[in-house]
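**Student:** Input file: run_32.txt. Contents: compact mmCIF, C-alpha atoms.
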# COMPACT_ATOMS: atom_id res chain seq x y z
CA MET R 1 -64.41 182.13 -161.80
CA LEU R 2 -63.48 185.18 -159.74
CA SER R 3 -61.34 187.96 -161.14
CA ASP R 4 -57.82 188.27 -159.78
CA SER R 5 -58.71 191.54 -157.98
CA GLN R 6 -61.52 190.17 -155.78
CA SER R 7 -60.42 189.94 -152.15
CA VAL R 8 -61.89 190.73 -148.73
CA GLU R 9 -60.68 192.67 -145.72
CA VAL R 10 -58.76 190.46 -143.30
CA ARG R 11 -56.89 190.85 -140.03
CA THR R 12 -53.56 189.78 -141.51
CA PRO R 13 -52.77 192.05 -144.47
CA GLN R 14 -49.43 190.39 -145.24
CA ARG R 15 -49.50 187.99 -148.17
CA ILE R 16 -48.64 184.87 -146.19
CA ALA R 17 -50.00 181.36 -145.72
CA GLU R 18 -50.14 179.23 -142.59
CA ILE R 19 -49.99 175.70 -144.02
CA SER R 20 -51.04 172.86 -141.75
CA TRP R 21 -51.59 169.12 -141.97
CA PHE R 22 -54.20 166.77 -140.49
CA ASN R 23 -53.97 163.87 -138.05
CA ASP R 24 -55.95 160.64 -138.10
CA ILE R 25 -56.87 160.58 -134.42
CA ILE R 26 -60.55 159.89 -135.28
CA GLY R 27 -59.85 157.23 -137.93
CA GLY R 28 -60.10 157.32 -141.70
CA ASP R 29 -56.50 157.19 -142.92
CA THR R 30 -56.59 154.83 -145.88
CA GLU R 31 -55.24 153.98 -149.32
CA TYR R 32 -58.74 153.58 -150.82
CA LEU R 33 -61.75 155.79 -150.02
CA GLY R 34 -64.47 153.91 -148.20
CA VAL R 35 -62.17 151.07 -147.15
CA LEU R 36 -61.28 150.75 -143.47
CA ASP R 37 -57.53 150.26 -143.50
CA GLU R 38 -56.26 147.67 -141.01
CA GLU R 39 -52.67 148.85 -141.53
CA ARG R 40 -53.46 152.50 -140.76
CA ARG R 41 -55.87 152.30 -137.87
CA SER R 42 -55.97 155.23 -135.44
CA THR R 43 -53.56 153.89 -132.83
CA PHE R 44 -51.35 156.12 -130.74
CA GLU R 45 -48.28 154.90 -132.63
CA HIS R 46 -49.74 155.63 -136.07
CA CYS R 47 -50.99 159.07 -135.05
CA LYS R 48 -47.64 159.81 -133.43
CA ASP R 49 -45.91 158.89 -136.70
CA ILE R 50 -48.20 161.27 -138.64
CA THR R 51 -47.35 164.08 -136.21
CA ILE R 52 -43.61 163.51 -136.37
CA ALA R 53 -43.71 163.29 -140.17
CA ALA R 54 -45.72 166.52 -140.45
CA GLU R 55 -43.28 168.34 -138.18
CA ALA R 56 -40.28 167.06 -140.14
CA ALA R 57 -41.94 168.07 -143.43
CA GLY R 58 -42.31 171.66 -142.24
CA PHE R 59 -46.05 172.05 -141.68
CA THR R 60 -46.93 174.82 -139.19
CA ASN R 61 -49.86 173.17 -137.40
CA ILE R 62 -51.39 169.75 -137.17
CA LEU R 63 -55.15 169.53 -136.74
CA LEU R 64 -56.43 167.11 -134.10
CA PRO R 65 -60.13 166.59 -134.91
CA THR R 66 -62.78 165.34 -132.51
CA ALA R 67 -65.45 162.67 -132.98
CA PHE R 68 -66.99 159.75 -131.11
CA THR R 69 -65.11 157.16 -133.14
CA VAL R 70 -62.35 154.62 -132.58
CA GLY R 71 -59.12 156.54 -132.08
CA GLN R 72 -57.45 159.05 -129.79
CA GLU R 73 -59.00 161.72 -127.56
CA VAL R 74 -57.79 165.20 -128.50
CA LEU R 75 -56.37 166.64 -125.29
CA THR R 76 -54.99 163.29 -124.15
CA PHE R 77 -53.14 162.78 -127.43
CA ALA R 78 -51.82 166.35 -127.57
CA SER R 79 -50.49 166.04 -124.02
CA ALA R 80 -48.68 162.83 -124.89
CA MET R 81 -47.11 164.43 -127.97
CA ALA R 82 -46.00 167.66 -126.30
CA PRO R 83 -42.59 166.35 -125.14
CA GLN R 84 -42.03 164.51 -128.44
CA THR R 85 -42.22 167.63 -130.64
CA ASN R 86 -40.61 171.05 -130.58
CA LYS R 87 -41.80 173.04 -133.62
CA ILE R 88 -45.26 172.09 -134.83
CA ASN R 89 -48.36 173.73 -133.31
CA PHE R 90 -51.29 171.58 -132.20
CA LEU R 91 -54.62 172.77 -133.59
CA THR R 92 -56.88 170.98 -131.12
CA ALA R 93 -60.60 170.60 -131.76
CA ILE R 94 -62.74 171.34 -128.70
CA ARG R 95 -66.46 170.56 -128.78
CA THR R 96 -68.14 173.06 -126.47
CA GLY R 97 -70.34 171.38 -123.90
CA GLU R 98 -68.11 168.36 -123.36
CA TYR R 99 -66.12 170.06 -120.59
CA HIS R 100 -67.16 172.35 -117.72
CA PRO R 101 -65.67 175.68 -118.94
CA PRO R 102 -63.42 176.45 -115.92
CA MET R 103 -61.94 172.97 -116.08
CA LEU R 104 -61.58 173.26 -119.84
CA ALA R 105 -59.68 176.51 -119.26
CA ARG R 106 -57.45 174.70 -116.76
CA ALA R 107 -56.77 171.83 -119.18
CA ILE R 108 -55.93 174.30 -121.95
CA ALA R 109 -53.60 176.25 -119.65
CA SER R 110 -51.78 173.06 -118.66
CA LEU R 111 -51.42 171.90 -122.27
CA ASP R 112 -50.36 175.38 -123.42
CA HIS R 113 -47.50 175.30 -120.91
CA MET R 114 -46.49 171.77 -121.94
CA LEU R 115 -46.29 172.98 -125.55
CA LYS R 116 -44.71 176.34 -124.62
CA GLY R 117 -47.42 178.15 -126.56
CA ARG R 118 -47.70 175.77 -129.54
CA LEU R 119 -51.45 175.44 -129.00
CA VAL R 120 -54.31 176.63 -131.20
CA LEU R 121 -57.99 175.86 -130.59
CA ASN R 122 -60.56 174.78 -133.16
CA ILE R 123 -63.90 175.54 -131.51
CA ILE R 124 -66.62 173.04 -132.53
CA ASN R 125 -70.30 173.84 -132.08
CA SER R 126 -72.13 170.60 -132.81
CA ASP R 127 -74.42 168.10 -131.15
CA LEU R 128 -72.82 166.16 -128.35
CA PRO R 129 -72.31 162.50 -129.28
CA GLY R 130 -75.54 160.56 -128.86
CA GLN R 131 -77.73 163.67 -128.64
CA ARG R 132 -79.83 165.81 -130.98
CA GLU R 133 -79.77 169.32 -129.53
CA ASP R 134 -81.63 172.53 -130.19
CA SER R 135 -79.40 174.76 -132.33
CA ALA R 136 -80.21 177.96 -130.40
CA TYR R 137 -79.15 176.24 -127.19
CA ARG R 138 -75.91 175.04 -128.80
CA TYR R 139 -75.08 178.57 -129.95
CA LYS R 140 -75.63 179.93 -126.43
CA ARG R 141 -73.50 177.18 -124.90
CA CYS R 142 -70.72 177.79 -127.38
CA ALA R 143 -70.70 181.57 -126.93
CA GLU R 144 -70.80 181.31 -123.15
CA THR R 145 -67.93 178.80 -123.12
CA ILE R 146 -65.78 181.16 -125.16
CA GLU R 147 -66.66 184.12 -122.93
CA ILE R 148 -65.64 182.15 -119.82
CA LEU R 149 -62.37 181.06 -121.47
CA LYS R 150 -61.55 184.65 -122.37
CA GLN R 151 -62.26 185.83 -118.82
CA ALA R 152 -60.11 183.01 -117.47
CA TRP R 153 -57.17 183.92 -119.69
CA THR R 154 -57.27 187.71 -119.34
CA LYS R 155 -58.76 188.61 -115.94
CA ASP R 156 -57.95 188.03 -112.29
CA SER R 157 -61.26 186.30 -111.65
CA ILE R 158 -64.10 184.57 -113.47
CA ASP R 159 -67.54 186.07 -112.93
CA PHE R 160 -70.05 184.97 -115.53
CA SER R 161 -73.82 184.58 -115.44
CA GLY R 162 -75.47 183.27 -118.58
CA GLU R 163 -78.40 181.08 -119.61
CA VAL R 164 -76.30 177.90 -119.72
CA TYR R 165 -73.43 178.56 -117.29
CA LYS R 166 -73.12 180.50 -114.07
CA VAL R 167 -69.52 180.61 -112.85
CA LYS R 168 -68.04 182.70 -110.04
CA LEU R 169 -64.39 182.03 -109.21
CA PRO R 170 -62.49 184.81 -107.40
CA ASN R 171 -59.09 183.42 -108.41
CA ALA R 172 -58.26 182.78 -112.08
CA GLN R 173 -54.63 181.85 -111.41
CA PRO R 174 -55.16 178.10 -112.08
CA VAL R 175 -56.21 178.78 -115.68
CA LYS R 176 -53.61 181.26 -116.93
CA PRO R 177 -52.13 180.10 -120.27
CA TYR R 178 -48.57 180.31 -121.54
CA GLN R 179 -49.66 182.44 -124.50
CA GLN R 180 -50.08 186.17 -124.06
CA ASN R 181 -52.20 188.96 -125.58
CA GLY R 182 -55.46 187.05 -125.27
CA GLY R 183 -54.40 183.42 -125.08
CA PRO R 184 -54.56 180.79 -127.86
CA LEU R 185 -56.06 181.77 -131.21
CA LEU R 186 -59.57 180.45 -131.85
CA TYR R 187 -60.40 178.86 -135.20
CA PHE R 188 -64.07 178.28 -135.93
CA GLY R 189 -66.12 176.77 -138.74
CA GLY R 190 -69.86 176.81 -139.33
CA THR R 191 -72.11 177.90 -142.18
CA SER R 192 -75.36 178.66 -140.33
CA PRO R 193 -76.15 182.28 -139.39
CA GLY R 194 -75.82 181.46 -135.69
CA SER R 195 -72.37 179.95 -136.16
CA ARG R 196 -71.26 182.90 -138.28
CA GLU R 197 -72.30 185.31 -135.54
CA ILE R 198 -70.28 183.42 -132.92
CA CYS R 199 -67.17 183.52 -135.08
CA ALA R 200 -67.60 187.20 -135.94
CA GLU R 201 -68.00 188.07 -132.25
CA TYR R 202 -65.33 185.91 -130.61
CA CYS R 203 -62.99 184.02 -132.92
CA ASP R 204 -59.84 184.73 -134.92
CA VAL R 205 -59.98 182.51 -138.02
CA PHE R 206 -63.14 181.46 -139.87
CA LEU R 207 -62.62 178.01 -141.37
CA MET R 208 -64.36 177.02 -144.59
CA TRP R 209 -64.82 173.71 -146.35
CA PRO R 210 -64.16 173.46 -150.10
CA GLU R 211 -66.73 175.02 -152.41
CA ASP R 212 -66.45 176.79 -155.75
CA GLU R 213 -64.62 180.11 -155.61
CA GLU R 214 -67.76 182.23 -155.98
CA SER R 215 -69.46 180.54 -153.02
CA MET R 216 -66.41 180.86 -150.79
CA TYR R 217 -65.97 184.51 -151.77
CA GLU R 218 -69.60 185.29 -150.86
CA THR R 219 -69.08 183.64 -147.48
CA MET R 220 -65.90 185.60 -146.86
CA GLN R 221 -67.60 188.88 -147.75
CA ASP R 222 -70.43 188.10 -145.35
CA MET R 223 -68.09 187.14 -142.50
CA SER R 224 -65.86 190.17 -143.01
CA ARG R 225 -68.94 192.40 -142.83
CA ARG R 226 -70.27 190.68 -139.70
CA ALA R 227 -66.93 191.05 -137.92
CA LYS R 228 -66.63 194.71 -138.94
CA GLU R 229 -70.07 195.43 -137.50
CA LYS R 230 -68.72 194.17 -134.17
CA GLY R 231 -65.60 196.31 -134.42
CA ARG R 232 -63.37 193.35 -135.27
CA GLN R 233 -61.35 191.81 -138.07
CA ILE R 234 -60.85 188.10 -138.68
CA ASP R 235 -58.75 185.91 -140.92
CA PHE R 236 -59.95 183.07 -143.13
CA GLY R 237 -58.89 179.46 -143.39
CA LEU R 238 -59.64 176.57 -145.73
CA ARG R 239 -59.82 172.92 -144.72
CA ILE R 240 -59.24 170.88 -147.89
CA HIS R 241 -57.73 167.62 -149.13
CA VAL R 242 -54.98 167.57 -151.74
CA ILE R 243 -53.50 165.23 -154.36
CA VAL R 244 -50.36 166.67 -155.95
CA ARG R 245 -47.97 164.98 -158.38
CA GLU R 246 -45.41 166.05 -160.97
CA THR R 247 -48.11 166.10 -163.66
CA GLU R 248 -51.88 166.60 -163.75
CA ALA R 249 -52.33 163.21 -165.40
CA GLU R 250 -50.56 161.47 -162.51
CA ALA R 251 -52.66 163.32 -159.93
CA ARG R 252 -55.95 162.51 -161.67
CA ALA R 253 -54.93 158.88 -162.08
CA TYR R 254 -54.28 158.66 -158.35
CA ALA R 255 -57.70 160.20 -157.62
CA LYS R 256 -59.28 157.45 -159.70
CA LYS R 257 -57.27 154.85 -157.80
CA LEU R 258 -58.56 156.23 -154.50
CA VAL R 259 -62.17 155.45 -155.49
CA SER R 260 -61.42 152.20 -157.30
CA LYS R 261 -62.73 150.10 -154.38
CA PHE R 262 -65.63 152.43 -153.55
CA ASN R 263 -68.72 150.83 -152.04
CA GLU R 264 -71.60 153.30 -151.78
CA GLN R 265 -73.39 151.52 -148.91
CA LYS R 266 -70.24 151.18 -146.79
CA ALA R 267 -69.19 154.75 -147.56
CA ALA R 268 -72.56 156.10 -146.43
CA GLU R 269 -72.28 154.16 -143.17
CA ILE R 270 -68.80 155.58 -142.48
CA ARG R 271 -69.94 159.11 -143.26
CA SER R 272 -72.97 158.91 -140.95
CA ARG R 273 -70.71 158.44 -137.92
CA GLY R 274 -69.67 162.10 -137.93
CA GLU R 275 -71.58 164.48 -135.62
CA ASP R 276 -71.35 167.05 -138.45
CA SER R 277 -72.83 164.75 -141.11
CA ARG R 278 -76.15 166.64 -140.91
CA SER R 279 -74.62 170.12 -140.82
CA LEU R 280 -75.47 172.91 -143.26
CA GLY R 281 -71.87 173.00 -144.49
CA VAL R 282 -71.98 169.33 -145.45
CA LEU R 283 -75.35 169.79 -147.18
CA ARG R 284 -73.94 172.73 -149.17
CA GLN R 285 -71.05 170.58 -150.41
CA ASP R 286 -73.47 167.77 -151.28
CA LYS R 287 -75.59 170.17 -153.32
CA LEU R 288 -72.58 171.50 -155.22
CA ARG R 289 -71.48 167.95 -156.05
CA GLU R 290 -74.96 167.01 -157.25
CA GLU R 291 -75.45 170.17 -159.35
CA LEU R 292 -71.99 170.95 -160.71
CA ALA R 293 -69.82 167.82 -160.73
CA ASP R 294 -68.75 166.32 -164.01
CA GLU R 295 -68.57 162.57 -164.55
CA ASP R 296 -65.27 162.38 -162.62
CA GLY R 297 -66.54 164.42 -159.67
CA TYR R 298 -64.93 167.84 -160.40
CA ILE R 299 -67.07 170.94 -159.75
CA GLU R 300 -64.47 173.38 -161.09
CA ASP R 301 -60.89 173.28 -162.31
CA MET R 302 -58.96 170.94 -159.96
CA LEU R 303 -61.68 170.81 -157.24
CA TRP R 304 -62.67 167.15 -156.80
CA MET R 305 -65.71 166.48 -154.57
CA GLU R 306 -65.93 162.67 -154.49
CA ILE R 307 -64.36 162.58 -151.00
CA GLY R 308 -67.60 163.93 -149.54
CA LYS R 309 -69.33 160.67 -150.42
CA VAL R 310 -67.27 159.01 -147.69
CA PHE R 311 -66.40 161.67 -145.12
CA SER R 312 -68.58 164.29 -143.51
CA GLY R 313 -66.92 167.65 -142.95
CA CYS R 314 -64.34 168.41 -145.59
CA GLY R 315 -65.65 166.77 -148.76
CA GLY R 316 -63.35 168.00 -151.51
CA GLY R 317 -59.76 168.16 -152.61
CA LEU R 318 -57.40 169.87 -155.01
CA VAL R 319 -56.07 167.49 -157.67
CA GLY R 320 -53.30 168.55 -160.00
CA SER R 321 -49.67 169.08 -160.80
CA ALA R 322 -47.40 170.97 -158.42
CA GLU R 323 -47.62 174.01 -160.67
CA GLN R 324 -51.43 173.87 -160.70
CA VAL R 325 -51.78 173.40 -156.94
CA ILE R 326 -49.35 176.26 -156.25
CA ALA R 327 -51.35 178.52 -158.56
CA LYS R 328 -54.69 177.55 -156.99
CA LEU R 329 -53.46 178.11 -153.44
CA ASN R 330 -52.09 181.49 -154.52
CA ARG R 331 -55.53 182.38 -155.89
CA TYR R 332 -57.01 181.54 -152.50
CA VAL R 333 -54.38 183.71 -150.78
CA ASP R 334 -55.27 186.57 -153.11
CA MET R 335 -58.93 186.15 -152.10
CA GLY R 336 -57.92 186.66 -148.47
CA ILE R 337 -57.38 183.12 -147.17
CA ARG R 338 -54.46 183.01 -144.73
CA ALA R 339 -54.63 179.48 -143.27
CA PHE R 340 -54.76 176.11 -145.04
CA ILE R 341 -55.43 172.82 -143.25
CA LEU R 342 -54.60 170.08 -145.71
CA SER R 343 -54.77 166.31 -145.80
CA GLY R 344 -54.48 163.44 -148.25
CA PHE R 345 -54.71 159.67 -148.54
CA PRO R 346 -52.69 158.12 -147.03
CA LEU R 347 -51.71 160.94 -144.71
CA ILE R 348 -47.95 160.42 -144.35
CA GLU R 349 -47.32 159.64 -148.00
CA GLU R 350 -49.46 162.49 -149.36
CA GLY R 351 -48.00 164.92 -146.83
CA ASN R 352 -44.54 164.09 -148.08
CA HIS R 353 -45.60 164.68 -151.70
CA PHE R 354 -47.01 168.10 -150.81
CA ALA R 355 -44.00 169.04 -148.67
CA GLU R 356 -41.61 168.21 -151.51
CA LEU R 357 -43.53 169.71 -154.43
CA VAL R 358 -45.49 172.66 -153.02
CA LEU R 359 -44.53 173.74 -149.49
CA PRO R 360 -41.18 175.37 -150.41
CA HIS R 361 -43.02 177.80 -152.69
CA PHE R 362 -44.92 179.52 -149.86
CA ASN R 363 -44.04 181.88 -147.02
CA ASN R 364 -45.32 179.42 -144.41
CA VAL R 365 -45.84 181.18 -141.07
CA SER R 366 -47.60 180.71 -137.74
CA LEU R 367 -50.49 183.12 -137.19
CA SER R 368 -49.97 182.62 -133.45
CA VAL R 369 -46.44 183.99 -133.78
CA LEU R 370 -47.43 186.69 -136.23
CA GLN R 371 -50.17 187.93 -133.91
CA GLN R 372 -47.78 187.85 -130.92
CA ARG R 373 -49.60 185.18 -128.94
CA ILE R 374 -46.53 182.98 -128.45
CA PRO R 375 -43.98 184.96 -126.40
CA ALA R 376 -40.34 185.01 -127.49
CA GLU R 377 -39.26 184.40 -123.88
CA THR R 378 -40.84 182.44 -121.04
CA PRO R 379 -43.77 184.51 -119.73
CA VAL R 380 -44.47 185.13 -116.06
CA THR R 381 -47.39 182.85 -115.15
CA PRO R 382 -48.34 180.76 -112.09
CA LEU R 383 -46.83 177.74 -113.86
CA THR R 384 -43.52 179.47 -114.63
CA THR R 385 -42.06 182.14 -112.32
CA ALA R 386 -44.98 184.15 -110.93
CA ILE R 387 -45.16 184.50 -107.14
CA LEU R 388 -47.60 181.84 -105.95
CA GLN R 389 -50.71 183.22 -104.31
Could you render the structure from this file as structure tokens?

**Tutor:**
Amino acid sequence: MLSDSQSVEVRTPQRIAEISWFNDIIGGDTEYLGVLDEERRSTFEHCKDITIAAEAAGFTNILLPTAFTVGQEVLTFASAMAPQTNKINFLTAIRTGEYHPPMLARAIASLDHMLKGRLVLNIINSDLPGQREDSAYRYKRCAETIEILKQAWTKDSIDFSGEVYKVKLPNAQPVKPYQQNGGPLLYFGGTSPGSREICAEYCDVFLMWPEDEESMYETMQDMSRRAKEKGRQIDFGLRIHVIVRETEAEARAYAKKLVSKFNEQKAAEIRSRGEDSRSLGVLRQDKLREELADEDGYIEDMLWMEIGKVFSGCGGGLVGSAEQVIAKLNRYVDMGIRAFILSGFPLIEEGNHFAELVLPHFNNVSLSVLQQRIPAETPVTPLTTAILQ
């Protein structure tokens, strides 16, 4: 266990937490892990209800993940929800390579205006669905996409020549976002050295999956050093599940209920559908579960890793009383984590538990507002009041 004084250098020095929830647009919302839930399938109506509930509960962002599964496409769903919300930010997952970068920039600019700046991007660097791709090529494609987006948002023209993309557009007016000072914040997750370099060079928040505190702290130290070498600072985020109740006994009992209908063969089949199921981050979580987990699946106090047997990506959750969860999140904040993307099973019910028992105890902010990306007044852009050219 880390000492209370161990923290890393971050962009946001204030002791705050951006607390976000998760949406089921790729499927998986359920009452029992490993059981496909007919009553909670990833329809537009169900995902809309999750969004509305998360906004009403007071979460800052809602993550819209991406996968080739039954459910909703990210940008399509976010566009449909823009006029139905007015406070929550949409943390939209974008897999680089799926969109031609100038048209991706245009789609982002359109959505950013619909949301009046309530847009954050989660950059995904993974194989495209149905393909196994060379990792070095994926890193180049990801980096080049981000460079083109940044040119599109901050310069009068786009003039880029790389190994993957060559783009020359003399007029960048069609892709100007609503957000200012660099456009939407970029969140990025990836454990490999190549992924870490991309985040250190280009992105704003490095997202981690749950591991023991020592492992996460080592990662944060490494990423802070990499960013500093490039003359930058970044913030850190944690994507993790949560089960919170009035007492620890109630929370642990609910965790046992979640796996009470577990079928190992079916769970493995569900997990294999994720494009990230072979990623280094998933393998690291698997190793921790195999080496450290007790008979109930806990690898350290409150950190339950049984979820990773069913879902690729985030494979662990905090399980405990409100007091315990508040204390654990505060430990993470003290380490330097500034953003939390949470989820639970089922999503609406567990979000309401967390919002009632834990959320009021934190200074829940928007990093986009704090870092002055979302303007207080309508900005001058081609889609607002700028003189058309």

**Student:** Contacts of Glu201 of chain R at 8 Å or less, counting all atoms listed in the file, minus same-chain residues fewer than 4 places along, as a list of chain:residue names?

**Tutor:** R:Glu197, R:Ala227, R:Lys230, R:Arg232

**Student:** Which residues are near segment 122-136 of chain R? Cut-off 6 Å, all atoms listed in the file, ignore same chain within fewer than 6 positions. Put them as a list in words.

**Tutor:**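 Residues near the query, excluding close chain neighbours: Thr92, Ala93, Ile94, Arg95, Leu186, Tyr187 and Phe188 of chain R.
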
**Student:** So, counting only C-alpha atoms, which residue among R:Gly189, R:Gly162, R:Pro101, R:Pro184 is closest to Leu149 of chain R?

**Tutor:**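 Closest to Leu149 of chain R of all the choices is R:Pro101.
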
**Student:** Please provide the set of residues having any atom within 9 Å of Asn363 of chain R, restricted to only C-alpha atoms, with same-chain residues fewer than 6 positions apart removed, written as a count of residues only.

**Tutor:** 4

**Student:** Which is closest to Gly28 of chain R among R:Asn330, R:Thr378, R:Ser7, R:Ser343, if we use only C-alpha atoms?

**Tutor:**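 Result for the nearest residue to Gly28 of chain R: R:Ser343.
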
**Student:** What is the atom CA of Ala386 of chain R to atom CA of Leu91 of chain R distance in Å?

**Tutor:**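 Separating atom CA of Ala386 of chain R from atom CA of Leu91 of chain R is a distance of 27.1 Å.
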